[in-house]
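A.B. asks: A single structure is presented below for examination.
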There are 2 protein chains.
Amino acid sequence: MSDVRENILATGQRIIAGKGFSGVGLNEILATAGVPKGSFYHYFGSKEAFGEAMLESYFEEYLAELDRTLNQPAQTMAERLMNYWQDWQDNQVSFDCQGKCLAVKLGAEVADLSEAMRLALKRGTAGIIERLAKAIETGMKEGSLSIDGDPYSTAQSLYQLWLGASVMVKIVRTKQPFETAMRTTRQVLNLST
Amino acid sequence: MSDVRENILATGQRIIAGKGFSGVGLNEILATAGVPKGSFYHYFGSKEAFGEAMLESYFEEYLAELDRTLNQPAQTMAERLMNYWQDWQDNQVSFDCQGKCLAVKLGAEVADLSEAMRLALKRGTAGIIERLAKAIETGMKEGSLSIDGDPYSTAQSLYQLWLGASVMVKIVRTKQPFETAMRTTRQVLNLST
DNA sequence: TATCTATATTAGACCGGTCGTATTTTAATT
DNA sequence: AATTAAAATACGACCGGTCTAATATAGATA
């Protein structure tokens, strides 16, 4: 991959995570990245195609990091899961509660706008929930946590809860919604408060 | 209130619920409403001020409907609450999962964009959670439901859960996330499945 | 080394749309 | 009839994504 392309992707991701997809023009992204405007269409077919590629690369990195967190040795699965939520909170609270999670920022905006980007979001979030479900299942077997219902539904519920909490954090500009989500999460996994 | 103003508000709300705030220009809204461009700035100081007024009027209506639902006689509070979630689901699933809830659609997009609109969202969502908390408290007293923890935290958690579920519904274009949310909701309120 | 070809890259213009404003026309009220 | 409020128009300066045409670069051939 050309590093010009990578540069456009990384810069665009940063800016779009703050202002949204429709709220940012290619001009700003390219100027910030130091890439001439004319070059853009050499690397991407359209703004939409760029958005799709951006989501793709975002989730690739996200899932790699998630795998790392969920495979930390010398920890129970319950601990690893709680570390994941803690990381989510820390990341999302940084920079005045304008976290950089693209599922949070773009989910509602982009799903109705572009089928390609919607599907990228779908693939990415499915990957996250799948990993969480597997982790919960493992945690049950090792006995570090227990749940009512099946692991997949539980993983789904928890992801939805944190997605919603992240939106609320943006709205109230306090990490308080995350504290509630954290307590509910412990409750759902039957962990000590 | 002038009905021209009301017309702009209603039309804008409909279109923005579909395309987002940055994704729609005043031209489209005004053309659809049949209102000349110049009139807009007689009623609203700017696009942002319009957005704030739109959110204000949206939540006003939303809260009135919520009050109606939560005050239905001849039902337990548990039943009224479950009716609320059911209405949420029905509304959000309509039109190809492009529901018309502005908290879902605009929360993440607009909170980082405009302080005035962020505060309008904050006031509106606070009103919803407050009413849900009161309803949960009443339900506990009458014995139709029971919870772990305090009513306000529970209300918050449930609202976050449904907010997140709504984003996921937009992404996967299936009502399945709502089914999970519904089950979790019954579980949290200790209701029979 | 010099020339030709093919590909990678970029400059710049295009047209349509953005929000906002200044000005004129219409209506209502005193 | 005078004054004020409401509505309509047209326009301005600017920015949006897109595309074509021109340039630069690299590789191959002689």
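Simple scheme: letters A, B, ... for chains in structure tokens order, numbers from 1 for residues in each chain, numbers from 1 for ligands in the order shown.
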Please, which residues of chain A lie no more than 8 Å from chain B when the count uses only C-alpha atoms, and can they be set out as number ranges by chain?
C.D. replies: A: 18-20, 22-23, 98, 104-109, 111-113, 118-119, 121-122, 153, 156-157, 159-165, 167-168, 170-172, 177, 180-181, 184
A.B. asks: Find the residues around DA13 in chain C up to 12 Å (only C-alpha atoms (C1' of nucleotides) counted), leave out those fewer than 4 positions away in its own chain, and share them as a PyMOL selection string.
C.D. replies: (chain A and resi 38) or (chain D and resi 18-21)
A.B. asks: Write the selection just made, keeping C-alpha atoms (C1' of nucleotides), as an mmCIF file, in the first residue's frame?
C.D. replies:
```
data_model
loop_
_atom_site.group_PDB
_atom_site.id
_atom_site.type_symbol
_atom_site.label_atom_id
_atom_site.label_comp_id
_atom_site.auth_asym_id
_atom_site.auth_seq_id
_atom_site.Cartn_x
_atom_site.Cartn_y
_atom_site.Cartn_z
ATOM 1 C CA GLY A 38 -6.034 15.917 -7.525
ATOM 2 C "C1'" DT D 18 -15.748 15.019 -9.398
ATOM 3 C "C1'" DC D 19 -13.243 14.671 -13.641
ATOM 4 C "C1'" DT D 20 -10.312 15.574 -17.567
ATOM 5 C "C1'" DA D 21 -6.202 16.856 -19.326
#
```
A.B. asks: Show me, as a PyMOL selection string, every residue of chain C with an atom at most 7 Å from chain A, counting only C-alpha atoms (C1' of nucleotides).
C.D. replies: chain C and resi 9-11
A.B. asks: Write the residues of the preceding selection, restricted to N, CA, C and O atoms (P, O5', C5', C4', C3', O3' and C1' of nucleotides), as an mmCIF file, in the first residue's frame.
C.D. replies:
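What ended up in again.cif:
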```cif
data_model
loop_
_atom_site.group_PDB
_atom_site.id
_atom_site.type_symbol
_atom_site.label_atom_id
_atom_site.label_comp_id
_atom_site.auth_asym_id
_atom_site.auth_seq_id
_atom_site.Cartn_x
_atom_site.Cartn_y
_atom_site.Cartn_z
ATOM 1 P P DT C 9 1.738 6.743 -7.433
ATOM 2 O "O5'" DT C 9 1.498 8.264 -7.815
ATOM 3 C "C5'" DT C 9 2.611 9.093 -8.102
ATOM 4 C "C4'" DT C 9 2.156 10.406 -8.688
ATOM 5 C "C3'" DT C 9 1.260 11.271 -7.802
ATOM 6 O "O3'" DT C 9 2.039 12.361 -7.327
ATOM 7 C "C1'" DT C 9 0.660 11.375 -10.099
ATOM 8 P P DT C 10 1.418 13.333 -6.245
ATOM 9 O "O5'" DT C 10 0.792 14.474 -7.163
ATOM 10 C "C5'" DT C 10 1.654 15.316 -7.914
ATOM 11 C "C4'" DT C 10 0.827 16.190 -8.829
ATOM 12 C "C3'" DT C 10 -0.133 17.147 -8.125
ATOM 13 O "O3'" DT C 10 0.121 18.453 -8.601
ATOM 14 C "C1'" DT C 10 -1.177 16.112 -9.936
ATOM 15 P P DA C 11 0.079 19.654 -7.570
ATOM 16 O "O5'" DA C 11 -0.249 20.820 -8.591
ATOM 17 C "C5'" DA C 11 0.265 20.745 -9.911
ATOM 18 C "C4'" DA C 11 -0.768 21.247 -10.906
ATOM 19 C "C3'" DA C 11 -1.628 22.400 -10.410
ATOM 20 O "O3'" DA C 11 -1.499 23.453 -11.348
ATOM 21 C "C1'" DA C 11 -2.989 20.681 -11.342
#
```
A.B. asks: What residues in chain A lie within 10 Å of chain D, counting only C-alpha atoms (C1' of nucleotides), written as a PyMOL selection string?
C.D. replies: chain A and resi 24-27+38+41+45-47
A.B. asks: Okay, now the selection with N, CA and C atoms, as a compact mmCIF listing (two decimals), in the first residue's frame?
C.D. replies:
```txt
# COMPACT_ATOMS: atom_id res chain seq x y z
N VAL A 24 -17.38 16.98 7.03
CA VAL A 24 -16.00 17.23 6.60
C VAL A 24 -15.89 17.13 5.09
N GLY A 25 -15.20 18.06 4.49
CA GLY A 25 -14.94 18.02 3.07
C GLY A 25 -13.59 17.40 2.77
N LEU A 26 -13.46 16.92 1.55
CA LEU A 26 -12.18 16.35 1.15
C LEU A 26 -11.08 17.39 1.24
N ASN A 27 -11.40 18.63 0.92
CA ASN A 27 -10.43 19.72 1.02
C ASN A 27 -9.68 19.70 2.34
N GLY A 38 -5.90 16.76 -6.34
CA GLY A 38 -6.03 15.92 -7.53
C GLY A 38 -5.66 14.46 -7.29
N TYR A 41 -8.43 11.13 -6.19
CA TYR A 41 -9.17 10.20 -7.04
C TYR A 41 -8.28 9.18 -7.73
N GLY A 45 -12.09 5.87 -5.42
CA GLY A 45 -13.03 6.15 -6.49
C GLY A 45 -13.99 7.29 -6.18
N SER A 46 -14.24 7.52 -4.91
CA SER A 46 -15.19 8.55 -4.50
C SER A 46 -15.04 8.78 -3.01
N LYS A 47 -15.73 9.79 -2.51
CA LYS A 47 -15.69 10.01 -1.07
C LYS A 47 -16.30 8.81 -0.35
```
A.B. asks: Can you pull out the residues contacting Ile128 in chain A? Cut-off 10 Å, using only C-alpha atoms (C1' of nucleotides), and skip same-chain residues under 5 positions away; I want them as a VMD selection string.
C.D. replies: chain A and resid 59 62 to 63 66 to 67 123 133 155 to 156 159
A.B. asks: May I have the residues from that selection written out with N, CA and C atoms, as an mmCIF file, in the first residue's frame?
C.D. replies:
```cif
data_model
loop_
_atom_site.group_PDB
_atom_site.id
_atom_site.type_symbol
_atom_site.label_atom_id
_atom_site.label_comp_id
_atom_site.auth_asym_id
_atom_site.auth_seq_id
_atom_site.Cartn_x
_atom_site.Cartn_y
_atom_site.Cartn_z
ATOM 1 N N PHE A 59 -11.611 -0.869 11.611
ATOM 2 C CA PHE A 59 -12.030 -2.081 12.320
ATOM 3 C C PHE A 59 -10.918 -3.130 12.341
ATOM 4 N N TYR A 62 -8.899 -2.131 15.156
ATOM 5 C CA TYR A 62 -9.694 -2.259 16.384
ATOM 6 C C TYR A 62 -9.770 -3.718 16.832
ATOM 7 N N LEU A 63 -10.043 -4.595 15.888
ATOM 8 C CA LEU A 63 -10.199 -6.007 16.223
ATOM 9 C C LEU A 63 -8.870 -6.618 16.664
ATOM 10 N N LEU A 66 -8.504 -5.573 20.146
ATOM 11 C CA LEU A 66 -9.451 -6.329 20.973
ATOM 12 C C LEU A 66 -8.934 -7.739 21.239
ATOM 13 N N ASP A 67 -8.400 -8.382 20.194
ATOM 14 C CA ASP A 67 -7.832 -9.715 20.360
ATOM 15 C C ASP A 67 -6.704 -9.709 21.382
ATOM 16 N N ARG A 123 -20.038 -5.471 9.210
ATOM 17 C CA ARG A 123 -18.971 -6.465 9.351
ATOM 18 C C ARG A 123 -18.142 -6.202 10.609
ATOM 19 N N ALA A 133 -18.673 -12.588 22.511
ATOM 20 C CA ALA A 133 -19.466 -13.786 22.821
ATOM 21 C C ALA A 133 -18.549 -14.960 23.157
ATOM 22 N N ALA A 155 -23.477 -10.771 24.769
ATOM 23 C CA ALA A 155 -22.468 -9.930 24.121
ATOM 24 C C ALA A 155 -23.131 -8.785 23.356
ATOM 25 N N GLN A 156 -24.190 -9.133 22.636
ATOM 26 C CA GLN A 156 -24.950 -8.135 21.882
ATOM 27 C C GLN A 156 -25.492 -7.046 22.793
ATOM 28 N N TYR A 159 -22.751 -4.791 24.116
ATOM 29 C CA TYR A 159 -22.236 -3.879 23.095
ATOM 30 C C TYR A 159 -23.228 -2.749 22.844
#
```
A.B. asks: Excluding Lys134 in chain B and residues on its chain fewer than 2 positions from it, collect all residues at most 12 Å away from it, counting only C-alpha atoms (C1' of nucleotides), and give them as a PyMOL selection string.
C.D. replies: chain B and resi 67+70-71+77+81+127-132+136-141+150-156
A.B. asks: Can you tell me how far CA of Arg68 in chain A sits from CA of Asp90 in chain A, in Å to one decimal?
C.D. replies: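 Pair CA of Arg68 in chain A / CA of Asp90 in chain A returns 16.9 Å.
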A.B. asks: Determine which residues of range 2-56 of chain A DSSP labels as alpha helix (DSSP H) from the backbone of this structure, then write them out as a JSON list (two decimals) with C-alpha atoms, in the first residue's frame.
C.D. replies:
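The result, stored in out-v8.json:
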```json
[["chain", "number", "residue", "atom", "x", "y", "z"],
["A", 3, "ASP", "CA", 1.89, 5.53, 2.23],
["A", 4, "VAL", "CA", 0.10, 8.45, 0.63],
["A", 5, "ARG", "CA", -3.01, 6.35, 0.74],
["A", 6, "GLU", "CA", -2.35, 5.36, 4.34],
["A", 7, "ASN", "CA", -1.79, 9.01, 5.17],
["A", 8, "ILE", "CA", -5.13, 10.04, 3.68],
["A", 9, "LEU", "CA", -6.85, 7.24, 5.57],
["A", 10, "ALA", "CA", -5.29, 8.07, 8.93],
["A", 11, "THR", "CA", -5.84, 11.82, 8.61],
["A", 12, "GLY", "CA", -9.38, 11.40, 7.40],
["A", 13, "GLN", "CA", -10.18, 9.03, 10.22],
["A", 14, "ARG", "CA", -8.96, 11.53, 12.80],
["A", 15, "ILE", "CA", -10.90, 14.45, 11.39],
["A", 16, "ILE", "CA", -14.07, 12.52, 10.60],
["A", 17, "ALA", "CA", -14.13, 11.04, 14.10],
["A", 18, "GLY", "CA", -14.54, 14.62, 15.30],
["A", 19, "LYS", "CA", -16.81, 16.23, 12.73],
["A", 26, "LEU", "CA", -12.18, 16.35, 1.15],
["A", 27, "ASN", "CA", -10.43, 19.72, 1.02],
["A", 28, "GLU", "CA", -9.83, 19.78, 4.74],
["A", 29, "ILE", "CA", -8.67, 16.20, 4.91],
["A", 30, "LEU", "CA", -6.29, 16.53, 1.98],
["A", 31, "ALA", "CA", -4.92, 19.89, 3.10],
["A", 32, "THR", "CA", -4.24, 18.48, 6.58],
["A", 33, "ALA", "CA", -2.63, 15.38, 5.13],
["A", 40, "PHE", "CA", -7.40, 11.78, -4.11],
["A", 41, "TYR", "CA", -9.17, 10.20, -7.04],
["A", 42, "HIS", "CA", -6.12, 8.24, -7.92],
["A", 43, "TYR", "CA", -6.37, 6.37, -4.63],
["A", 47, "LYS", "CA", -15.69, 10.01, -1.07],
["A", 48, "GLU", "CA", -17.97, 7.10, -0.29],
["A", 49, "ALA", "CA", -15.38, 4.53, -1.38],
["A", 50, "PHE", "CA", -12.89, 6.33, 0.80],
["A", 51, "GLY", "CA", -15.28, 6.15, 3.73],
["A", 52, "GLU", "CA", -15.69, 2.44, 3.21],
["A", 53, "ALA", "CA", -11.92, 1.89, 3.11],
["A", 54, "MET", "CA", -11.52, 4.04, 6.21],
["A", 55, "LEU", "CA", -14.03, 1.96, 8.17],
["A", 56, "GLU", "CA", -12.38, -1.21, 6.93]]
```
A.B. asks: By how many Å are CA of Glu60 in chain A and CA of Gly124 in chain A apart?
C.D. replies: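 Separation of CA of Glu60 in chain A and CA of Gly124 in chain A: 7.9 Å.
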